[in-house]
$ cat target03.cif   # mmCIF, C-alpha atoms
data_final
loop_
_atom_site.label_atom_id
_atom_site.label_comp_id
_atom_site.auth_asym_id
_atom_site.auth_seq_id
_atom_site.Cartn_x
_atom_site.Cartn_y
_atom_site.Cartn_z
CA MET A 276 -16.83 18.64 -16.05
CA GLN A 277 -16.55 22.39 -15.73
CA LEU A 278 -12.83 22.01 -15.13
CA ALA A 279 -12.42 19.65 -18.09
CA ALA A 280 -14.17 22.14 -20.36
CA GLU A 281 -11.92 24.91 -19.11
CA LEU A 282 -8.81 22.79 -19.66
CA GLN A 283 -9.93 22.16 -23.22
CA ARG A 284 -10.49 25.87 -23.76
CA THR A 285 -7.00 26.60 -22.39
CA HIS A 286 -5.59 23.92 -24.68
CA HIS A 287 -7.31 25.44 -27.71
CA ARG A 288 -6.06 28.90 -26.72
CA HIS A 289 -2.53 27.55 -26.57
CA GLN A 290 -2.97 25.87 -29.93
CA ARG A 291 -4.15 29.15 -31.40
CA GLN A 292 -1.20 30.99 -29.84
CA ARG A 293 1.21 28.48 -31.32
CA GLN A 294 -0.42 28.71 -34.72
CA GLN A 295 -0.15 32.49 -34.58
CA GLN A 296 3.49 32.26 -33.59
CA ASP A 297 4.15 29.92 -36.48
CA THR A 298 3.58 32.69 -38.97
CA THR A 299 7.02 34.17 -38.20
CA PRO A 300 10.01 32.30 -39.66
CA MET A 301 11.91 32.42 -36.34
CA CYS A 302 9.23 30.48 -34.54
CA ARG A 303 8.88 28.03 -37.36
CA GLN A 304 12.53 27.21 -36.98
CA ILE A 305 12.15 26.66 -33.23
CA GLN A 306 9.25 24.35 -33.81
CA LEU A 307 11.28 22.30 -36.26
CA THR A 308 14.06 21.96 -33.73
CA ILE A 309 11.64 20.84 -31.08
CA SER A 310 10.11 18.39 -33.52
CA ASP A 311 13.55 16.89 -34.16
CA HIS A 312 13.73 15.94 -30.51
CA THR A 313 10.33 14.27 -30.66
CA VAL A 314 8.77 16.55 -28.09
CA ALA A 315 6.06 17.65 -30.51
CA GLY A 316 2.69 17.54 -28.80
CA ASP A 317 3.99 19.08 -25.58
CA ALA A 318 1.76 21.35 -23.57
CA VAL A 319 2.72 24.99 -23.21
CA ALA A 320 2.40 27.06 -20.02
CA ASP A 321 0.90 30.55 -19.92
CA ASP A 322 4.37 32.08 -19.99
CA GLY A 323 5.20 30.12 -23.15
CA GLU A 324 7.41 27.56 -21.43
CA ASP A 325 7.06 23.94 -22.47
CA LEU A 326 5.38 21.71 -19.92
CA PHE A 327 6.10 18.04 -19.37
CA ILE A 328 3.48 15.36 -19.97
CA PRO A 329 4.20 12.30 -17.83
CA PRO A 330 2.77 9.04 -19.19
CA LEU A 331 -0.64 7.89 -17.97
CA ASN A 332 -0.58 6.55 -14.41
CA PHE A 333 3.04 7.68 -13.93
CA ALA A 334 4.49 7.38 -10.43
CA MET A 335 7.71 6.81 -8.55
CA VAL A 336 7.89 3.36 -6.94
CA ASP A 337 11.21 3.75 -5.17
CA ASN A 338 14.65 5.26 -5.74
CA GLY A 339 15.43 4.68 -9.41
CA ILE A 340 12.17 2.79 -10.11
CA PHE A 341 9.16 4.28 -11.88
CA ARG A 342 5.86 2.89 -13.22
CA SER A 343 3.38 4.05 -15.85
CA GLY A 344 1.03 3.23 -18.67
CA PHE A 345 2.22 2.98 -22.29
CA PRO A 346 4.45 5.98 -23.15
CA GLU A 347 3.29 8.03 -26.15
CA PRO A 348 5.62 10.30 -28.17
CA ALA A 349 4.14 13.27 -26.23
CA ASN A 350 5.70 11.78 -23.07
CA PHE A 351 9.22 11.39 -24.48
CA SER A 352 10.56 14.77 -23.34
CA PHE A 353 9.35 14.04 -19.82
CA LEU A 354 10.93 10.58 -19.87
CA GLN A 355 14.21 12.15 -20.96
CA THR A 356 14.34 14.07 -17.68
CA LEU A 357 14.39 10.77 -15.76
CA GLY A 358 17.69 9.76 -17.38
CA LEU A 359 16.40 6.19 -17.81
CA ARG A 360 18.81 3.29 -18.29
CA SER A 361 16.11 0.73 -19.03
CA ILE A 362 12.46 0.02 -19.63
CA ILE A 363 10.57 -3.07 -18.50
CA TYR A 364 7.72 -3.65 -20.94
CA LEU A 365 5.16 -6.26 -19.87
CA CYS A 366 3.08 -6.83 -23.04
CA PRO A 367 3.61 -9.36 -25.88
CA GLU A 368 2.91 -6.84 -28.67
CA PRO A 369 6.00 -5.50 -30.48
CA TYR A 370 7.27 -2.11 -29.29
CA PRO A 371 6.18 0.69 -31.67
CA GLU A 372 8.79 2.10 -34.04
CA ALA A 373 8.64 5.61 -32.50
CA ASN A 374 9.34 4.15 -29.06
CA MET A 375 12.20 2.02 -30.41
CA GLU A 376 13.70 5.15 -31.96
CA PHE A 377 13.40 6.96 -28.62
CA LEU A 378 15.19 4.12 -26.82
CA LYS A 379 17.93 4.03 -29.44
CA SER A 380 18.63 7.75 -29.40
CA ASN A 381 18.70 7.83 -25.58
CA GLY A 382 20.69 4.63 -25.01
CA ILE A 383 17.87 2.94 -23.09
CA LYS A 384 17.78 -0.86 -22.86
CA LEU A 385 14.45 -2.64 -23.39
CA PHE A 386 13.48 -5.69 -21.31
CA GLN A 387 10.29 -7.16 -22.75
CA PHE A 388 8.26 -9.74 -20.84
CA GLY A 389 5.25 -10.71 -22.95
CA ILE A 390 2.42 -11.20 -20.48
CA GLU A 391 -1.02 -11.54 -22.10
CA GLY A 392 -3.57 -8.96 -20.97
CA HIS A 393 -6.47 -11.29 -20.11
CA LYS A 394 -9.71 -10.19 -18.59
CA GLU A 395 -11.33 -11.88 -15.59
CA PRO A 396 -12.10 -14.68 -15.02
CA PHE A 397 -9.46 -15.84 -17.53
CA VAL A 398 -6.50 -14.32 -15.77
CA ASN A 399 -3.30 -16.25 -15.70
CA ILE A 400 -0.28 -14.21 -14.71
CA PRO A 401 2.83 -16.38 -15.29
CA GLU A 402 4.72 -16.50 -11.99
CA ASP A 403 8.06 -17.31 -13.61
CA THR A 404 7.85 -14.29 -15.91
CA ILE A 405 7.07 -11.95 -13.00
CA ARG A 406 10.01 -13.49 -11.13
CA GLU A 407 12.36 -12.77 -14.06
CA ALA A 408 11.06 -9.22 -14.39
CA LEU A 409 11.50 -8.70 -10.64
CA GLU A 410 15.15 -9.67 -10.95
CA VAL A 411 15.61 -6.94 -13.57
CA VAL A 412 13.87 -4.44 -11.26
CA LEU A 413 16.13 -5.39 -8.35
CA ASP A 414 19.35 -5.01 -10.35
CA VAL A 415 20.56 -1.45 -9.70
CA ARG A 416 22.67 -1.60 -12.86
CA ASN A 417 19.38 -1.20 -14.73
CA HIS A 418 18.36 1.93 -12.79
CA PRO A 419 16.74 4.32 -13.37
CA VAL A 420 14.12 1.94 -14.78
CA ILE A 421 10.46 2.40 -15.69
CA ILE A 422 7.99 -0.51 -15.60
CA HIS A 423 5.03 -0.25 -17.94
CA CYS A 424 2.31 -2.26 -19.64
CA LYS A 425 -0.66 -0.78 -21.48
CA ARG A 426 -2.50 1.19 -18.81
CA GLY A 427 -0.15 0.76 -15.85
CA LYS A 428 -2.83 -1.00 -13.83
CA HIS A 429 -2.83 -4.79 -13.92
CA ARG A 430 0.46 -6.26 -15.16
CA THR A 431 2.47 -3.34 -13.78
CA GLY A 432 0.41 -3.48 -10.58
CA CYS A 433 1.20 -7.18 -10.11
CA LEU A 434 4.94 -6.66 -10.59
CA VAL A 435 5.03 -3.68 -8.21
CA GLY A 436 2.91 -5.64 -5.71
CA CYS A 437 5.46 -8.48 -5.69
CA TYR A 438 8.23 -5.92 -5.25
CA ARG A 439 6.39 -4.52 -2.19
CA LYS A 440 6.20 -8.04 -0.74
CA LEU A 441 9.98 -8.25 -1.01
CA GLN A 442 10.09 -4.96 0.87
CA LYS A 443 7.96 -6.62 3.58
CA TRP A 444 4.92 -4.41 3.16
CA CYS A 445 1.81 -5.90 4.76
CA LEU A 446 -0.73 -7.13 2.21
CA SER A 447 -3.38 -4.52 2.96
CA SER A 448 -0.90 -1.74 2.03
CA VAL A 449 0.18 -3.63 -1.10
CA PHE A 450 -3.46 -3.93 -2.18
CA ASP A 451 -4.18 -0.30 -1.30
CA GLU A 452 -1.42 0.79 -3.69
CA TYR A 453 -2.60 -1.65 -6.39
CA GLN A 454 -6.14 -0.29 -6.13
CA ARG A 455 -4.99 3.33 -6.28
CA PHE A 456 -3.77 2.70 -9.83
CA ALA A 457 -6.32 0.13 -10.98
CA ALA A 458 -9.27 2.08 -9.46
CA ALA A 459 -12.55 0.78 -10.90
CA LYS A 460 -10.61 -1.85 -12.90
CA ALA A 461 -9.06 -3.53 -9.83
CA ARG A 462 -9.05 -7.33 -10.08
CA VAL A 463 -9.30 -9.69 -7.14
CA SER A 464 -7.40 -12.26 -9.23
CA ASP A 465 -4.39 -9.93 -9.56
CA GLN A 466 -4.37 -9.32 -5.81
CA ARG A 467 -4.72 -13.05 -5.19
CA PHE A 468 -1.69 -13.59 -7.47
CA VAL A 469 0.36 -11.11 -5.43
CA GLU A 470 -0.81 -12.68 -2.16
CA LEU A 471 0.23 -16.19 -3.26
CA PHE A 472 3.49 -15.10 -4.94
CA ASP A 473 6.30 -16.89 -3.12
CA ILE A 474 9.22 -14.59 -2.30
CA SER A 475 11.14 -17.12 -0.19
CA SER A 476 13.45 -18.01 -3.10
CA MET A 477 14.30 -14.34 -3.69
CA LYS A 478 15.23 -13.31 -0.18
CA HIS A 479 18.94 -13.70 -0.92
CA LEU A 480 18.75 -10.85 -3.45
CA PRO A 481 19.94 -7.47 -2.19
CA ILE A 482 17.19 -4.84 -1.97
CA PRO A 483 19.24 -1.68 -1.85
CA PHE A 484 16.42 0.86 -1.90
CA SER A 485 15.18 3.68 0.23
CA CYS A 486 12.36 1.84 1.90
CA LEU A 487 14.69 -0.65 3.55
CA LYS A 488 17.72 1.50 4.03
CA ARG A 489 18.66 4.27 6.42
CA LYS A 490 20.15 7.32 4.82
CA ARG A 491 21.94 8.59 7.88
CA MET B 1245 -15.65 -7.95 -0.09
CA GLN B 1246 -14.50 -11.57 -0.34
CA LEU B 1247 -10.89 -10.40 -0.21
CA ALA B 1248 -11.58 -8.08 2.74
CA ALA B 1249 -13.16 -10.97 4.67
CA GLU B 1250 -10.18 -13.15 3.89
CA LEU B 1251 -7.75 -10.43 5.00
CA GLN B 1252 -9.63 -10.14 8.24
CA ARG B 1253 -9.48 -13.92 8.72
CA THR B 1254 -5.71 -13.82 8.07
CA HIS B 1255 -5.38 -10.97 10.55
CA HIS B 1256 -7.30 -12.90 13.18
CA ARG B 1257 -5.18 -15.99 12.50
CA HIS B 1258 -2.04 -13.90 13.06
CA GLN B 1259 -3.52 -12.46 16.24
CA ARG B 1260 -4.28 -15.98 17.47
CA GLN B 1261 -0.75 -17.10 16.58
CA ARG B 1262 0.74 -14.19 18.51
CA GLN B 1263 -1.51 -14.82 21.49
CA GLN B 1264 -0.44 -18.47 21.52
CA GLN B 1265 3.20 -17.42 21.35
CA ASP B 1266 2.66 -15.06 24.26
CA THR B 1267 2.05 -17.94 26.64
CA THR B 1268 5.79 -18.72 26.75
CA PRO B 1269 7.96 -16.36 28.86
CA MET B 1270 10.54 -16.03 26.06
CA CYS B 1271 8.01 -14.59 23.67
CA ARG B 1272 6.58 -12.30 26.27
CA GLN B 1273 10.03 -10.80 26.68
CA ILE B 1274 10.40 -10.25 22.94
CA GLN B 1275 7.05 -8.55 22.81
CA LEU B 1276 8.10 -6.22 25.61
CA THR B 1277 11.27 -5.34 23.73
CA ILE B 1278 9.33 -4.63 20.57
CA SER B 1279 6.88 -2.55 22.55
CA ASP B 1280 9.79 -0.46 23.86
CA HIS B 1281 10.54 0.53 20.31
CA THR B 1282 6.91 1.40 19.67
CA VAL B 1283 6.50 -1.06 16.83
CA ALA B 1284 3.68 -2.88 18.60
CA GLY B 1285 0.81 -3.49 16.22
CA ASP B 1286 3.04 -4.65 13.38
CA ALA B 1287 1.76 -7.34 11.06
CA VAL B 1288 3.53 -10.68 11.00
CA ALA B 1289 4.24 -12.71 7.84
CA ASP B 1290 3.56 -16.43 7.55
CA ASP B 1291 7.20 -17.19 8.26
CA GLY B 1292 7.03 -15.15 11.48
CA GLU B 1293 8.91 -12.13 10.10
CA ASP B 1294 7.60 -8.70 10.99
CA LEU B 1295 5.95 -6.86 8.14
CA PHE B 1296 5.93 -3.10 7.63
CA ILE B 1297 2.72 -1.10 7.68
CA PRO B 1298 3.13 2.09 5.64
CA PRO B 1299 0.78 4.93 6.65
CA LEU B 1300 -2.51 5.30 4.80
CA ASN B 1301 -2.07 6.70 1.26
CA PHE B 1302 1.72 6.42 1.50
CA ALA B 1303 3.69 7.10 -1.69
CA MET B 1304 6.99 8.42 -2.96
CA VAL B 1305 6.70 11.85 -4.57
CA ASP B 1306 10.29 12.26 -5.69
CA ASN B 1307 13.82 11.53 -4.45
CA GLY B 1308 13.76 12.18 -0.71
CA ILE B 1309 10.10 13.29 -0.68
CA PHE B 1310 7.21 11.13 0.53
CA ARG B 1311 3.50 11.72 1.21
CA SER B 1312 0.90 9.98 3.37
CA GLY B 1313 -2.07 10.22 5.69
CA PHE B 1314 -1.65 10.64 9.46
CA PRO B 1315 0.99 8.18 10.78
CA GLU B 1316 -0.20 5.88 13.57
CA PRO B 1317 2.15 4.13 16.05
CA ALA B 1318 1.73 0.96 13.93
CA ASN B 1319 3.49 2.82 11.08
CA PHE B 1320 6.50 3.95 13.09
CA SER B 1321 8.75 0.97 12.31
CA PHE B 1322 8.08 1.50 8.60
CA LEU B 1323 8.82 5.21 8.86
CA GLN B 1324 12.10 4.38 10.57
CA THR B 1325 13.25 2.61 7.39
CA LEU B 1326 12.92 5.89 5.46
CA GLY B 1327 15.57 7.57 7.63
CA LEU B 1328 13.47 10.75 7.73
CA ARG B 1329 15.05 14.09 8.59
CA SER B 1330 11.76 15.98 8.78
CA ILE B 1331 8.00 15.85 8.68
CA ILE B 1332 5.70 18.46 7.16
CA TYR B 1333 2.39 18.35 9.02
CA LEU B 1334 -0.44 20.34 7.44
CA CYS B 1335 -3.13 20.38 10.17
CA PRO B 1336 -3.71 22.90 12.99
CA GLU B 1337 -4.34 20.22 15.67
CA PRO B 1338 -1.43 19.56 18.05
CA TYR B 1339 0.76 16.58 17.20
CA PRO B 1340 -0.09 13.54 19.38
CA GLU B 1341 2.28 12.70 22.21
CA ALA B 1342 3.20 9.28 20.76
CA ASN B 1343 4.17 10.94 17.48
CA MET B 1344 6.20 13.61 19.28
CA GLU B 1345 8.05 10.86 21.14
CA PHE B 1346 8.78 9.11 17.85
CA LEU B 1347 10.19 12.32 16.34
CA LYS B 1348 12.32 12.95 19.40
CA SER B 1349 13.82 9.47 19.59
CA ASN B 1350 14.58 9.49 15.85
CA GLY B 1351 15.91 13.06 15.58
CA ILE B 1352 13.18 14.12 13.14
CA LYS B 1353 12.29 17.80 12.81
CA LEU B 1354 8.61 18.80 12.68
CA PHE B 1355 7.40 21.60 10.41
CA GLN B 1356 3.75 22.29 11.19
CA PHE B 1357 1.58 24.41 8.90
CA GLY B 1358 -1.89 24.64 10.39
CA ILE B 1359 -4.25 24.53 7.44
CA GLU B 1360 -7.91 24.05 8.37
CA GLY B 1361 -9.59 21.00 6.82
CA HIS B 1362 -12.72 22.62 5.42
CA LYS B 1363 -15.31 20.85 3.35
CA GLU B 1364 -16.63 22.21 0.07
CA PRO B 1365 -17.91 24.78 -0.69
CA PHE B 1366 -16.12 26.45 2.25
CA VAL B 1367 -12.63 25.68 1.09
CA ASN B 1368 -9.99 28.27 1.57
CA ILE B 1369 -6.45 26.98 1.20
CA PRO B 1370 -4.07 29.77 2.30
CA GLU B 1371 -1.68 30.40 -0.58
CA ASP B 1372 1.06 31.89 1.62
CA THR B 1373 1.10 28.85 3.89
CA ILE B 1374 1.40 26.46 0.95
CA ARG B 1375 4.21 28.65 -0.40
CA GLU B 1376 6.11 28.41 2.92
CA ALA B 1377 5.57 24.65 3.09
CA LEU B 1378 6.80 24.34 -0.49
CA GLU B 1379 10.03 26.08 0.45
CA VAL B 1380 10.58 23.47 3.17
CA VAL B 1381 9.91 20.70 0.61
CA LEU B 1382 12.39 22.19 -1.84
CA ASP B 1383 15.19 22.51 0.73
CA VAL B 1384 17.25 19.31 0.39
CA ARG B 1385 18.66 19.87 3.88
CA ASN B 1386 15.26 18.69 5.11
CA HIS B 1387 15.32 15.45 3.09
CA PRO B 1388 14.21 12.77 3.40
CA VAL B 1389 10.90 14.46 4.25
CA ILE B 1390 7.34 13.17 4.47
CA ILE B 1391 4.35 15.45 3.87
CA HIS B 1392 1.13 14.49 5.64
CA CYS B 1393 -2.24 15.82 6.76
CA LYS B 1394 -5.06 13.66 8.05
CA ARG B 1395 -5.90 11.41 5.12
CA GLY B 1396 -3.21 12.43 2.65
CA LYS B 1397 -5.80 13.57 0.13
CA HIS B 1398 -6.65 17.27 0.16
CA ARG B 1399 -4.05 19.40 1.94
CA THR B 1400 -1.23 17.02 1.01
CA GLY B 1401 -2.65 16.77 -2.52
CA CYS B 1402 -2.61 20.56 -2.90
CA LEU B 1403 0.99 20.88 -1.74
CA VAL B 1404 2.17 18.05 -4.00
CA GLY B 1405 0.17 19.56 -6.87
CA CYS B 1406 1.99 22.89 -6.48
CA TYR B 1407 5.29 21.01 -6.35
CA ARG B 1408 4.41 19.31 -9.66
CA LYS B 1409 3.71 22.71 -11.20
CA LEU B 1410 7.25 23.76 -10.23
CA GLN B 1411 8.42 20.60 -11.99
CA LYS B 1412 6.52 21.82 -15.07
CA TRP B 1413 4.02 18.99 -15.18
CA CYS B 1414 1.01 19.78 -17.36
CA LEU B 1415 -2.16 20.35 -15.36
CA SER B 1416 -3.99 17.24 -16.52
CA SER B 1417 -1.17 15.07 -15.11
CA VAL B 1418 -1.13 17.07 -11.87
CA PHE B 1419 -4.88 16.53 -11.47
CA ASP B 1420 -4.61 12.87 -12.41
CA GLU B 1421 -2.17 12.36 -9.54
CA TYR B 1422 -4.33 14.42 -7.15
CA GLN B 1423 -7.38 12.31 -8.04
CA ARG B 1424 -5.51 9.04 -7.62
CA PHE B 1425 -5.13 9.82 -3.91
CA ALA B 1426 -8.35 11.74 -3.30
CA ALA B 1427 -10.46 9.23 -5.29
CA ALA B 1428 -14.19 9.73 -4.51
CA LYS B 1429 -13.27 12.69 -2.26
CA ALA B 1430 -11.58 14.73 -5.01
CA ARG B 1431 -12.46 18.44 -4.84
CA VAL B 1432 -12.66 20.75 -7.83
CA SER B 1433 -11.81 23.63 -5.45
CA ASP B 1434 -8.46 22.02 -4.53
CA GLN B 1435 -7.64 21.52 -8.19
CA ARG B 1436 -8.68 25.08 -8.95
CA PHE B 1437 -6.31 26.24 -6.16
CA VAL B 1438 -3.42 24.32 -7.73
CA GLU B 1439 -4.30 25.66 -11.18
CA LEU B 1440 -4.28 29.27 -9.98
CA PHE B 1441 -1.23 28.91 -7.71
CA ASP B 1442 1.39 31.31 -9.03
CA ILE B 1443 4.85 29.74 -9.23
CA SER B 1444 6.53 32.67 -10.98
CA SER B 1445 8.01 34.00 -7.71
CA MET B 1446 9.52 30.59 -6.91
CA LYS B 1447 11.28 29.92 -10.17
CA HIS B 1448 14.61 31.09 -8.78
CA LEU B 1449 14.61 28.19 -6.28
CA PRO B 1450 16.70 25.19 -7.28
CA ILE B 1451 14.69 22.02 -7.95
CA PRO B 1452 17.39 19.39 -7.66
CA PHE B 1453 15.23 16.28 -8.02
CA SER B 1454 15.10 13.29 -10.27
CA CYS B 1455 12.31 14.48 -12.47
CA LEU B 1456 14.27 17.45 -13.70
CA LYS B 1457 17.77 16.01 -13.57
CA ARG B 1458 19.71 13.56 -15.68
CA LYS B 1459 21.50 10.89 -13.73
CA ARG B 1460 24.04 10.05 -16.39
#
$ encode --input "target03.cif" --output "structure tokens"
Amino acid sequence: MQLAAELQRTHHRHQRQRQQQDTTPMCRQIQLTISDHTVAGDAVADDGEDLFIPPLNFAMVDNGIFRSGFPEPANFSFLQTLGLRSIIYLCPEPYPEANMEFLKSNGIKLFQFGIEGHKEPFVNIPEDTIREALEVVLDVRNHPVIIHCKRGKHRTGCLVGCYRKLQKWCLSSVFDEYQRFAAAKARVSDQRFVELFDISSMKHLPIPFSCLKRKR
Amino acid sequence: MQLAAELQRTHHRHQRQRQQQDTTPMCRQIQLTISDHTVAGDAVADDGEDLFIPPLNFAMVDNGIFRSGFPEPANFSFLQTLGLRSIIYLCPEPYPEANMEFLKSNGIKLFQFGIEGHKEPFVNIPEDTIREALEVVLDVRNHPVIIHCKRGKHRTGCLVGCYRKLQKWCLSSVFDEYQRFAAAKARVSDQRFVELFDISSMKHLPIPFSCLKRKR
């Protein structure tokens, strides 16, 4: 809590510094330029440099594959550094206009798989949809790709879990990773889905990633 | 708990299956061969294929950079798939013989930085040591590299946290990642160390990784 309070104080100090800077025309111009690139809302380091804000629950899954929660405009400048070719979006709700604009101006392709975000015990992850999404993940022509749902826990966790099964991870490690992201919200039903997910029909697909490939 | 019990049952079933297989001379020979390559202890999938067991708290940090807890012999076959060039080991205790053998037979270089694993409030992470370790992380000639301590939470979390600062991640995201691995064992003192860690002297070093580089 002490740390959180301090962070907030630092944030307010930065806000004040930015407001003070804004009184000179030069800085106002810089801010406008930044705003044009939709990086408004970025954090600022002590030396005045812009910091990146990765989306909630952001992580690297494998070479060219990332995962996260729903990206906000504040995350766009960070996402730009990944040089994304595509986004796999796992919710049925339409993609927000600001996010569509970001995709358009960065030439990023959107793959939407509308999986409902049920709560236990009414969980019903559609196996066919996960299978289709997995095929998009496995296709290196779509890389770098980021997988996301709302919070990057359940739907994203299920898809990444199935990907780990294809990589022949033992189930306890798959669940350990799932739980690291889902934390207190971990669902046995999601883990059961991953456990029962049948990969036998997908074994012909090439899995050209680091975790199954020697680099030397 | 239900899932844990089921996992244990599955594990016991696999053990039974392997024991049954061991009664034929053919299978005994295979087991010996596997044992020669120190992959004994691997899990086995339902279709009889060997599964990989990543080390505790294993994750990808960036292109060519991984993190984990202490690797056991059961993890060696998984680690082989990463094609590691080096290991950064953050504890003062000598590296176990089995692990040294694994390094030797796979041509992996060991960088050991002996940081004591204190408990709060007696935490004293040596800044110079982290700085030296960070230079090894940043040197692509050492990639692919895995960073590990004992549980992959505190010492590893501090080093990765400082790496994220070099990548210009905002502090709240750095801490979010730290906490994902440390979970209930998260230490404010570790996060304070990362917050205060001065990267200004390291800014001349090239950071040639995905998160700061366009791929197109």
$ residues_around --input "target03.cif" --residues "Tyr370 in chain A" --least-positions-apart "6" --cutoff "12 Å" --atoms "all atoms listed in the file" --output "list in words"
Phe345, Pro346, Glu347, Ile362, Ile363, Tyr364, Glu376, Phe377, Leu378, Leu385, Phe386, Gln387, Phe388, Gly389, His423, Cys424 and Lys425 of chain A
$ atom_distance --input "target03.cif" --atom1 "CA of Arg1329 in chain B" --atom2 "CA of Ile1352 in chain B"
4.9 Å
$ residues_around --input "target03.cif" --residues "range 400-413 of chain A" --least-positions-apart "3" --cutoff "7 Å" --atoms "all atoms listed in the file" --output "mmCIF file with C-alpha atoms, keeping the file's coordinate frame"
data_model
loop_
_atom_site.group_PDB
_atom_site.id
_atom_site.type_symbol
_atom_site.label_atom_id
_atom_site.label_comp_id
_atom_site.auth_asym_id
_atom_site.auth_seq_id
_atom_site.Cartn_x
_atom_site.Cartn_y
_atom_site.Cartn_z
ATOM 1 C CA PHE A 388 8.260 -9.740 -20.840
ATOM 2 C CA ASN A 417 19.380 -1.200 -14.730
ATOM 3 C CA LEU A 434 4.940 -6.660 -10.590
ATOM 4 C CA TYR A 438 8.230 -5.920 -5.250
ATOM 5 C CA ILE A 482 17.190 -4.840 -1.970
#
$ resolve_selection --input "target03.cif" --expression "the PyMOL selection byres ((chain A and resi 328) around 7)" --output "ChimeraX atom specification"
/A:317,326-327,329-330,349-350,353 /B:1413-1414,1417
$ residues_near_point --input "target03.cif" --point "(5.2, -8.4, 0.4)" --cutoff "10 Å" --atoms "all atoms listed in the file" --output "PyMOL selection string"
(chain A and resi 435-449+469-474) or (chain B and resi 1289+1295-1296)
$ residues_around --input "target03.cif" --residues "Asp1434 in chain B" --least-positions-apart "3" --cutoff "7 Å" --atoms "all atoms listed in the file" --output "ChimeraX atom specification"
/B:1398,1402,1431,1437-1438
$ atom_distance --input "target03.cif" --atom1 "CA of Phe351 in chain A" --atom2 "CA of Ala334 in chain A"
15.4 Å
$ closest_residue --input "target03.cif" --among "B:Val1305, B:Ile1359, B:Val1432, B:Ile1390" --to "Glu1337 in chain B" --atoms "all atoms listed in the file"
B:Ile1359
$ residues_around --input "target03.cif" --residues "Met1304 in chain B" --least-positions-apart "3" --cutoff "8 Å" --atoms "only C-alpha atoms" --output "PyMOL selection string"
(chain A and resi 334-337) or (chain B and resi 1307+1309-1311)
